[in-house]
Amino acid sequence: MEGISRPIKRFDFDDKMSGTALYCADVTLDGMLYAKTLRSVKARAAILSITVPPLPEGYWIVDANDIPGKNVVPIVSEDQPFFAKGAVKYIGEPILLVVGPDKQTVVDLLERIRVAYEEVRPVLSIAEAEQVRENFIFGDTPYFFAYEYAKGDLSEAAGRAVRVFEDEFETGYQEQAYLETQGIIAVYENGRVTVSGAMQCPYYIRDALIQALGWPEERVRVVQLPTGGGFGGKEEYPSLPAVHAALAAVKTGRPVQLVFDRQEDILCTTKRHPAVIRLRSHVDGNNRIIGREIDIAIDAGAYAGLSGVVLQRMMFAANGVYDVPHLKVRGKAYATNNVVSGAMRGFGGPQAAFAVEMHMENIARALRLDSFAFRQRHFLHTGDTSSTGGLFLHDIKLDEIAAEIDRISGYRNKRTVPRPKGKGKIRGIGCAFFFHGCGFTGSGEESLIKTRVRLRKCPGNTVHIFVSNTEIGQGVLTTLRKIVAQALDVPVETVKQTYPDTDDCPNSGPTVASRTIMIVGKVLLDAALDMKKRWHEKEFEIVRAYEYPGNLRWDNARFQGNAYPEYSWGANVVEVDMDPATCEVTVTGVWAVYDIGTPIDKTIVRGQIEGGIAQGLAYACMEVLTSENGMLRQTNLADYTLPTSLDFPRIEYRLIENPFSDGPFGARGVGELTLIGAAPALALAVQQAVGRGVTRLPVTPESILEMMDRDD
Amino acid sequence: MIDITFGLNGETITITTHPLRRLLDVLRDDLRLTGTKEGCGEGECGACAVLLDGRLVNSCLVPAIHLEGRSVMTIEGYRKTERFSVLSEAFARTGSVQCGFCTPGMVMAAEALLRDNPHPTEEEVREGLSGNLCRCTGYSMIVEAILLAAREGEGLWSMPSDR
């Protein structure tokens with residue numbers, strides 16, 4: 001590995017270690033007011049009236065009437081209001097704020113507000129949404145988005161096939177559960193509003209403020225504060241509290257702090273989408289999958305949000321790492337009166353990987369073939385085309401990944417050892433292969449994001465990085481500096497970077513989609529190389545924009561071409577013990593192999609691997625989050641159980657050496673990849689232990705008991 | 001409102017507060033010691049963990065009235081100690097800090113663990129951290145950090161505590 005992979009001490013380490021880093025809730029400003037949000041308690045209703053008690057002096061109500069601009073969140077489909085007006089569509093939807101100097105008084109006032117609702121019959125699941133024929137939640141369809149794409153000629157393949165295999169899988173919600181809840185502070189001063197707080201995407205918030213306030217961009221500023229985790233949960237959601245706090249600051253003329261409590265945060269913020277995925281595979285006489293139909297339905301919740309993009313990623317990932325020449329993939333993001341689903345690490349990938357890996361295993365089992373070899377025989381190779389017909393230009397090292405995961409885990413050996421019968425725990429082992437597209441869909445990095453970075457050389461030979469990418473724990477304040485320092489061949493300490501501020505950081509895009517290192521890092525590297533040529537100059541700036549590589553192509557209308565600029569790859573093996581008496585599953589071993597190109601700092605990459613796997617394992621077997629009548633049943637960290645230090649063993653992992661020629665020093669994306677494979681590997685291990693097909697995530701003792709009672 | 005006198009990071013202070021006010025609010029809102037974080041407010045996450053008479057407690061569950069005559073150590077006091085320096089070095093080397101929100105509570109948990117058991121096994125470390133949630137790391141790096149600190153800080157935790 002190159003020198004750049006050598007770990008250094010993180011630049012944000014000391015502040016965080018010593019407790020001096022100031023997160024949103026740690027900040028107090030002179031005259032600051034506190035805000036709390038009144039939220040809908042109905043899944044779907046008209047608001048008939050709102051009765052507010054007399055407000056003591058210095059206390060305020062802020063609602064839709066205080067929005068001078070448009071009461072619509074600017075996102076893919078403009079359907080979601082900042083504050084509900086006249087109607088509510090989900091439990092937890094914001095209606096108004098109470099703002100004032102004393103926290104307890106604000107809460108007391110909030111509890112005394114009476115909202116008269118007239119309930120409307122809600123739509124509460126994908127199954128119900130599929131039946132809706134009138135009174136649509138959105139437009140004149142039961143769904144927000146319906147897509148399809150094809151490859152080859154499925155009917156020709158179906159005609160040639162000798163066997164057909166069908167499966168249906170279902171996955172549940174997952175909560176991001178960042179340790180720091182949502183928090184925003186807004187200040188209104190000299191005709192400008194400044195919003196700071198926990199966030200992944202300062203420019204999403206800026207655009208939301210511009211839309212809500214109807215102000216020119218010069219009057220709006222967004223600054224990130226140290227942020228206690230994101231995992232997608234601080235991608236699109238913070239636009240709501242940011243606008244709320246800004247409206248309150250403008251109305252009161254005082255700084256306003258809006259921090260969610262944990263219950264509120266779980267109840268009303270975005271989640272990973274529940275999904276139903278049906279796969280139907282056509283197999284020829286040589287036991288080769290020649291065609292596949294995939295049908296996906298996701299529960300988008302009450303507003304469209306990012307569901308269209310999540311659905312696309314799920315559809316592009318749904319065929320897994322396999323070469324199947326004839327495909328037909330359909331997907332719908334249904335509107336329901338559940339909480340709004342949105343971005344979470346993996347962004348549709350985990351659901352897709354779970355479904356296709358279970359399906360591949362089930363086909364191999366039915367054909368009485370070794371599923372490891374069966375999957376290997378279908379692996380994608382360099383020069384193949386993706387599901388969307390995009391040519392894979394760079395080295396795909398799935399064969400090396402497979403050999404390495406087997407070597408370190410002993411998977412194939414362990415898999416064939418017969419399960420012990422009788423009492424005692426039953427062992428199972430599962431293996432999953434997976435990939436993740438890095439960066440925005442298609443040419444979005446250039447056409448939608450228009451990524452720009454700025455580098456400034458200052459007197460004294462220091463260099464300052466200006467990008468909008470946020471430090472959410474993933475190490476961006478360290479890794480981007482390493483890239484620039486290495487390119488300039490200067491000590492990393494002489495490269496400066498702060499939490500982003502829209503006043504001086506150009507829009508280098510959101511901190512999502514495993515894009516920061518591979519996309520922004522590469523533009524920064526190129527900017528640094530430009531700077532190096534002029535290094536003799538004392539003080540100057542370089543601005544660079546992302547350019548879509550000429551060897552890629554994407555047709556967004558037909559979903560044809562290179563769905564992502566590049567992919568990262570991996571394999572996971574998970575070993576479990578299942579107690580037949582209690583149906584409890586204990587994870588006893590976890591192995592992982594990844595091809596992420598060159599790691600920019602091995603310790604930071606280790607953090608991404610181990611943290612991502614823990615989230616994936618917990619998604620598969622711990623984190624139960626269910627909605628009943630539109631109300632989430634687990635609304636605190638006692639009911640929604642996150643993994644502790646006791647739940648999972650140490651992870652053994654390896655990185656495959658395969659530098660990516662278009663990435664900075666050979667790097668590709670890593671952040672999301674690590675979450676994706678853990679769930680199918682665990683589910684396959686449970687499937688072996690139980691001896692019945694796992695069709696649903698998460699697997700719990702209750703679901704295993706159901707499986708065991710089922711006739712398969 | 002009552003007067004309560006207690007030790008805080010080595011100094012004796014007297015506060016006037018409601019007897020049921022949470023120690024967490026006393027620290028964060030009244031005394032502006034914001035190193036102690038609130039992650040859940042229900043004693044589940046450990047982000048608000050502090051030492052009360054040397055024992056690890058979730059400050060969101062401790063009412064002010066329980067503080068009378070007792071001694072509280074928060075990250076603001078602990079970070080001045082030699083033990084903190086050793087833990088800090090170990091946390092840095094192992095990559096144990098990502099978003100940082102759980103870190104102060106994690107550090108206090110590490111101190112509580114090591115002062116009880118200066119030479120813990122991995123299982124004992126995992127047990128000792130089990131009340132502190134971390135969503136970023138998957139824990140193994142933090143476990144390694146504490147094992148490393150126990151080795152590197154040989155003798156530091158075997159001596160009488162400096163509270």
# chains A, B, ... in the order shown; residues from 1 in each chain; ligands from 1

call {"tool": "interface_residues", "arguments": {"of": "chain B", "to": "chain A", "cutoff": "7 Å", "atoms": "only C-alpha atoms", "output": "PyMOL selection string"}}
result
chain B and resi 34-35+39-40+44+75+79+88+92+95+97-104+126-127+129-130+133+135-140

call {"tool": "select_by_dssp", "arguments": {"residues": "region 5-156 of chain B", "states": "strand (DSSP E or B)", "output": "CSV table (one decimal) with C-alpha atoms, in the first residue's frame"}}
result
chain,number,residue,atom,x,y,z
B,5,THR,CA,-22.7,21.0,48.4
B,6,PHE,CA,-20.7,18.4,46.5
B,7,GLY,CA,-17.2,17.8,45.0
B,8,LEU,CA,-16.9,18.5,41.3
B,11,GLU,CA,-13.3,21.4,44.0
B,12,THR,CA,-16.2,21.7,46.5
B,13,ILE,CA,-19.1,23.7,45.2
B,14,THR,CA,-22.5,24.7,46.4
B,15,ILE,CA,-25.5,25.0,44.1
B,16,THR,CA,-29.0,26.1,44.6
B,17,THR,CA,-31.4,23.9,42.6
B,22,ARG,CA,-31.0,15.9,36.7
B,49,ALA,CA,-21.7,9.0,31.9
B,50,VAL,CA,-19.7,10.6,34.8
B,51,LEU,CA,-18.1,9.2,37.9
B,52,LEU,CA,-20.0,9.6,41.2
B,55,ARG,CA,-18.4,4.8,40.2
B,56,LEU,CA,-19.8,5.1,36.7
B,57,VAL,CA,-23.4,6.6,36.6
B,58,ASN,CA,-25.6,8.0,33.8
B,63,PRO,CA,-31.3,13.7,40.7
B,71,SER,CA,-17.9,13.7,44.5
B,72,VAL,CA,-18.5,14.0,40.8
B,73,MET,CA,-15.8,13.7,38.1

call {"tool": "residues_around", "arguments": {"residues": "Pro698 (chain A)", "least_positions_apart": "2", "cutoff": "9 Å", "atoms": "only C-alpha atoms", "output": "VMD selection string"}}
result
chain A and resid 171 to 172 618 to 624 679 683 696 700 703

call {"tool": "write_last_selection", "arguments": {"atoms": "N, CA, C and O atoms", "output": "JSON list (two decimals), in the first residue's frame"}}
result
[["chain", "number", "residue", "atom", "x", "y", "z"],
["A", 171, "THR", "N", -38.00, -6.67, 3.89],
["A", 171, "THR", "CA", -37.09, -6.07, 4.88],
["A", 171, "THR", "C", -37.81, -4.96, 5.63],
["A", 171, "THR", "O", -38.74, -4.35, 5.12],
["A", 172, "GLY", "N", -37.34, -4.70, 6.85],
["A", 172, "GLY", "CA", -37.99, -3.72, 7.72],
["A", 172, "GLY", "C", -37.28, -2.38, 7.73],
["A", 172, "GLY", "O", -36.33, -2.13, 6.99],
["A", 618, "ALA", "N", -26.62, -5.67, 12.90],
["A", 618, "ALA", "CA", -27.73, -5.28, 13.75],
["A", 618, "ALA", "C", -29.01, -5.12, 12.93],
["A", 618, "ALA", "O", -30.11, -5.47, 13.39],
["A", 619, "TYR", "N", -28.88, -4.61, 11.73],
["A", 619, "TYR", "CA", -30.01, -4.51, 10.79],
["A", 619, "TYR", "C", -30.61, -5.91, 10.56],
["A", 619, "TYR", "O", -31.82, -6.08, 10.47],
["A", 620, "ALA", "N", -29.73, -6.90, 10.51],
["A", 620, "ALA", "CA", -30.17, -8.25, 10.19],
["A", 620, "ALA", "C", -30.81, -8.97, 11.37],
["A", 620, "ALA", "O", -31.68, -9.82, 11.17],
["A", 621, "CYS", "N", -30.39, -8.66, 12.59],
["A", 621, "CYS", "CA", -30.87, -9.51, 13.69],
["A", 621, "CYS", "C", -31.23, -8.78, 14.98],
["A", 621, "CYS", "O", -31.64, -9.42, 15.94],
["A", 622, "MET", "N", -31.08, -7.47, 15.05],
["A", 622, "MET", "CA", -31.37, -6.79, 16.32],
["A", 622, "MET", "C", -32.36, -5.65, 16.19],
["A", 622, "MET", "O", -33.21, -5.44, 17.05],
["A", 623, "GLU", "N", -32.19, -4.85, 15.15],
["A", 623, "GLU", "CA", -32.88, -3.56, 15.12],
["A", 623, "GLU", "C", -34.28, -3.70, 14.54],
["A", 623, "GLU", "O", -34.50, -3.51, 13.35],
["A", 624, "VAL", "N", -35.19, -4.04, 15.41],
["A", 624, "VAL", "CA", -36.59, -4.19, 15.02],
["A", 624, "VAL", "C", -37.28, -2.84, 15.13],
["A", 624, "VAL", "O", -37.25, -2.21, 16.19],
["A", 679, "ALA", "N", -25.87, -8.26, 6.35],
["A", 679, "ALA", "CA", -27.21, -8.83, 6.56],
["A", 679, "ALA", "C", -27.42, -10.13, 5.77],
["A", 679, "ALA", "O", -27.86, -11.13, 6.34],
["A", 683, "ALA", "N", -28.08, -13.74, 7.44],
["A", 683, "ALA", "CA", -29.34, -14.43, 7.14],
["A", 683, "ALA", "C", -29.06, -15.82, 6.55],
["A", 683, "ALA", "O", -29.77, -16.79, 6.85],
["A", 696, "ARG", "N", -37.23, -12.83, 5.53],
["A", 696, "ARG", "CA", -37.56, -11.52, 6.09],
["A", 696, "ARG", "C", -36.43, -11.03, 6.98],
["A", 696, "ARG", "O", -35.84, -11.81, 7.73],
["A", 700, "THR", "N", -35.41, -12.57, 14.03],
["A", 700, "THR", "CA", -35.50, -12.47, 15.49],
["A", 700, "THR", "C", -35.88, -13.84, 16.01],
["A", 700, "THR", "O", -36.30, -14.70, 15.23],
["A", 703, "SER", "N", -39.25, -14.65, 14.71],
["A", 703, "SER", "CA", -39.38, -15.01, 13.30],
["A", 703, "SER", "C", -38.77, -16.38, 13.03],
["A", 703, "SER", "O", -39.23, -17.11, 12.16]]

call {"tool": "select_by_dssp", "arguments": {"residues": "region 43-211 of chain A", "states": "alpha helix (DSSP H)", "output": "PyMOL selection string"}}
result
chain A and resi 103-111+126-131+154-160+202-211

call {"tool": "residues_around", "arguments": {"residues": "Asn413 (chain A)", "least_positions_apart": "6", "cutoff": "12 Å", "atoms": "only C-alpha atoms", "output": "list in words"}}
result
Asp370, Phe372, Asp406, Arg407, Ile429 and Gly430 of chain A

call {"tool": "residues_around", "arguments": {"residues": "Ala129 (chain A)", "least_positions_apart": "4", "cutoff": "8 Å", "atoms": "only C-alpha atoms", "output": "list in words"}}
result
Val123, Leu124, Ser125, Pro142, Tyr143, Tyr334, Ala335 and Thr336 of chain A

call {"tool": "write_last_selection", "arguments": {"atoms": "C-alpha atoms", "output": "PDB file, in the first residue's frame"}}
result
ATOM      1  CA  VAL A 123     -52.690   3.928   3.928  1.00  0.00           C
ATOM      2  CA  LEU A 124     -50.447   1.975   6.271  1.00  0.00           C
ATOM      3  CA  SER A 125     -48.374  -0.520   4.298  1.00  0.00           C
ATOM      4  CA  PRO A 142     -50.662   5.205  -5.227  1.00  0.00           C
ATOM      5  CA  TYR A 143     -46.922   5.615  -5.696  1.00  0.00           C
ATOM      6  CA  TYR A 334     -45.407   3.633  -2.656  1.00  0.00           C
ATOM      7  CA  ALA A 335     -46.999   6.493  -0.777  1.00  0.00           C
ATOM      8  CA  THR A 336     -48.219   5.562   2.686  1.00  0.00           C
TER       9      THR A 336
END

call {"tool": "residues_around", "arguments": {"residues": "Lys42 (chain A)", "least_positions_apart": "4", "cutoff": "10 Å", "atoms": "only C-alpha atoms", "output": "list in words"}}
result
Ala46, Ile47, Ala87, Val88, Lys89, Tyr90, Ile91, Gly92, Glu93, Tyr117, Glu118, Glu119, Val120, Pro122, Asn337, Asn629, Gly630 and Met631 of chain A

call {"tool": "write_last_selection", "arguments": {"atoms": "all heavy atoms", "output": "CSV table (one decimal), in the first residue's frame"}}
result
chain,number,residue,atom,x,y,z
A,46,ALA,N,-57.4,15.9,8.3
A,46,ALA,CA,-57.5,17.4,8.1
A,46,ALA,C,-57.4,18.1,9.4
A,46,ALA,O,-57.8,17.5,10.4
A,46,ALA,CB,-58.8,17.7,7.4
A,47,ILE,N,-56.7,19.2,9.4
A,47,ILE,CA,-56.6,20.0,10.6
A,47,ILE,C,-57.8,21.0,10.6
A,47,ILE,O,-57.9,21.8,9.7
A,47,ILE,CB,-55.3,20.8,10.8
A,47,ILE,CG1,-54.1,19.8,10.9
A,47,ILE,CG2,-55.3,21.7,12.0
A,47,ILE,CD1,-52.8,20.4,10.9
A,87,ALA,N,-53.7,20.1,6.8
A,87,ALA,CA,-53.8,18.6,6.7
A,87,ALA,C,-52.4,18.0,7.2
A,87,ALA,O,-51.4,18.7,7.1
A,87,ALA,CB,-54.1,18.1,5.3
A,88,VAL,N,-52.5,16.8,7.7
A,88,VAL,CA,-51.3,16.1,8.1
A,88,VAL,C,-51.3,14.7,7.4
A,88,VAL,O,-52.4,14.1,7.2
A,88,VAL,CB,-51.1,15.9,9.6
A,88,VAL,CG1,-50.8,17.2,10.2
A,88,VAL,CG2,-52.4,15.3,10.2
A,89,LYS,N,-50.1,14.2,7.1
A,89,LYS,CA,-50.0,12.9,6.4
A,89,LYS,C,-49.3,11.8,7.1
A,89,LYS,O,-49.2,10.7,6.7
A,89,LYS,CB,-49.4,13.2,5.0
A,89,LYS,CG,-50.3,14.0,4.1
A,89,LYS,CD,-49.6,14.0,2.7
A,89,LYS,CE,-50.4,14.9,1.7
A,89,LYS,NZ,-49.8,14.9,0.4
A,90,TYR,N,-48.6,12.2,8.3
A,90,TYR,CA,-48.0,11.1,9.0
A,90,TYR,C,-47.8,11.6,10.5
A,90,TYR,O,-47.9,12.8,10.8
A,90,TYR,CB,-46.6,10.7,8.5
A,90,TYR,CG,-45.5,11.8,8.6
A,90,TYR,CD1,-44.5,11.7,9.6
A,90,TYR,CD2,-45.4,12.8,7.6
A,90,TYR,CE1,-43.5,12.6,9.7
A,90,TYR,CE2,-44.3,13.7,7.7
A,90,TYR,CZ,-43.4,13.6,8.7
A,90,TYR,OH,-42.4,14.5,8.8
A,91,ILE,N,-47.7,10.6,11.4
A,91,ILE,CA,-47.5,10.9,12.8
A,91,ILE,C,-46.1,11.4,13.0
A,91,ILE,O,-45.2,10.7,12.6
A,91,ILE,CB,-47.8,9.6,13.6
A,91,ILE,CG1,-49.3,9.2,13.5
A,91,ILE,CG2,-47.4,9.8,15.1
A,91,ILE,CD1,-49.6,7.9,14.2
A,92,GLY,N,-46.0,12.6,13.5
A,92,GLY,CA,-44.7,13.2,13.7
A,92,GLY,C,-44.5,14.4,12.7
A,92,GLY,O,-43.5,15.1,12.8
A,93,GLU,N,-45.4,14.6,11.8
A,93,GLU,CA,-45.3,15.7,10.9
A,93,GLU,C,-45.3,17.0,11.7
A,93,GLU,O,-46.2,17.3,12.5
A,93,GLU,CB,-46.4,15.7,9.8
A,93,GLU,CG,-46.3,16.8,8.9
A,93,GLU,CD,-47.1,16.6,7.6
A,93,GLU,OE1,-47.9,15.7,7.5
A,93,GLU,OE2,-46.8,17.4,6.6
A,117,TYR,N,-58.7,17.5,14.8
A,117,TYR,CA,-58.4,16.8,13.5
A,117,TYR,C,-59.7,16.1,13.0
A,117,TYR,O,-60.6,15.8,13.8
A,117,TYR,CB,-57.5,15.6,13.8
A,117,TYR,CG,-56.1,15.9,14.2
A,117,TYR,CD1,-55.7,15.9,15.5
A,117,TYR,CD2,-55.1,16.3,13.3
A,117,TYR,CE1,-54.4,16.2,16.0
A,117,TYR,CE2,-53.8,16.6,13.7
A,117,TYR,CZ,-53.4,16.5,15.0
A,117,TYR,OH,-52.2,16.8,15.4
A,118,GLU,N,-59.8,16.0,11.7
A,118,GLU,CA,-60.8,15.1,11.1
A,118,GLU,C,-60.1,14.1,10.4
A,118,GLU,O,-59.4,14.3,9.4
A,118,GLU,CB,-61.7,15.9,10.2
A,118,GLU,CG,-62.9,15.1,9.6
A,118,GLU,CD,-63.8,15.9,8.7
A,118,GLU,OE1,-63.3,16.5,7.7
A,118,GLU,OE2,-65.0,16.0,9.1
A,119,GLU,N,-60.2,12.8,10.9
A,119,GLU,CA,-59.4,11.8,10.4
A,119,GLU,C,-59.8,11.3,9.0
A,119,GLU,O,-61.0,11.3,8.7
A,119,GLU,CB,-59.3,10.6,11.4
A,119,GLU,CG,-58.5,10.9,12.6
A,119,GLU,CD,-58.3,9.8,13.5
A,119,GLU,OE1,-57.6,8.8,13.0
A,119,GLU,OE2,-58.7,9.7,14.6
A,120,VAL,N,-58.8,10.9,8.2
A,120,VAL,CA,-59.1,10.4,6.9
A,120,VAL,C,-58.5,9.0,6.9
A,120,VAL,O,-57.5,8.7,7.6
A,120,VAL,CB,-58.4,11.2,5.8
A,120,VAL,CG1,-58.6,10.6,4.4
A,120,VAL,CG2,-58.8,12.7,5.9
A,122,PRO,N,-56.2,6.2,6.6
A,122,PRO,CA,-54.8,6.2,6.1
A,122,PRO,C,-54.4,5.0,5.3
A,122,PRO,O,-55.1,4.0,5.3
A,122,PRO,CB,-54.0,6.2,7.5
A,122,PRO,CG,-54.9,5.5,8.4
A,122,PRO,CD,-56.3,5.7,8.0
A,337,ASN,N,-49.1,6.5,4.8
A,337,ASN,CA,-49.1,7.5,5.8
A,337,ASN,C,-48.2,7.1,7.0
A,337,ASN,O,-48.5,7.3,8.2
A,337,ASN,CB,-50.5,7.7,6.3
A,337,ASN,CG,-51.4,8.3,5.2
A,337,ASN,OD1,-52.2,7.6,4.6
A,337,ASN,ND2,-51.1,9.6,4.9
A,629,ASN,N,-50.5,1.2,12.7
A,629,ASN,CA,-51.4,2.3,12.5
A,629,ASN,C,-50.7,3.6,12.3
A,629,ASN,O,-51.1,4.6,12.8
A,629,ASN,CB,-52.4,2.4,13.7
A,629,ASN,CG,-53.3,1.1,13.8
A,629,ASN,OD1,-53.7,0.5,12.8
A,629,ASN,ND2,-53.5,0.7,15.0
A,630,GLY,N,-49.6,3.5,11.6
A,630,GLY,CA,-48.8,4.7,11.3
A,630,GLY,C,-47.9,5.2,12.4
A,630,GLY,O,-47.2,6.2,12.3
A,631,MET,N,-47.9,4.5,13.6
A,631,MET,CA,-47.1,4.9,14.7
A,631,MET,C,-46.0,3.9,14.9
A,631,MET,O,-46.3,2.7,15.0
A,631,MET,CB,-48.0,4.9,16.0
A,631,MET,CG,-47.3,5.2,17.3
A,631,MET,SD,-46.9,6.9,17.4
A,631,MET,CE,-46.1,7.0,19.0

call {"tool": "closest_residue", "arguments": {"among": "B:Ala64, B:Val86, B:Leu147, B:Leu156", "to": "His119 (chain B)", "atoms": "only C-alpha atoms"}}
result
B:Leu147

call {"tool": "residues_around", "arguments": {"residues": "Glu702 (chain A)", "least_positions_apart": "6", "cutoff": "10 Å", "atoms": "only C-alpha atoms", "output": "list in words"}}
result
Thr582, Cys583, Glu584 and Met708 of chain A

call {"tool": "closest_residue", "arguments": {"among": "A:Ile67, A:Ala343, A:Val72, A:Val585", "to": "Trp215 (chain A)", "atoms": "only C-alpha atoms"}}
result
A:Ile67

call {"tool": "closest_residue", "arguments": {"among": "A:Ala304, A:Leu705, A:Leu525, A:Leu625", "to": "Ile465 (chain A)", "atoms": "only C-alpha atoms"}}
result
A:Leu525

call {"tool": "closest_residue", "arguments": {"among": "B:Arg32, B:Asp53, B:Glu42, B:Glu154", "to": "Gly69 (chain B)", "atoms": "only C-alpha atoms"}}
result
B:Asp53
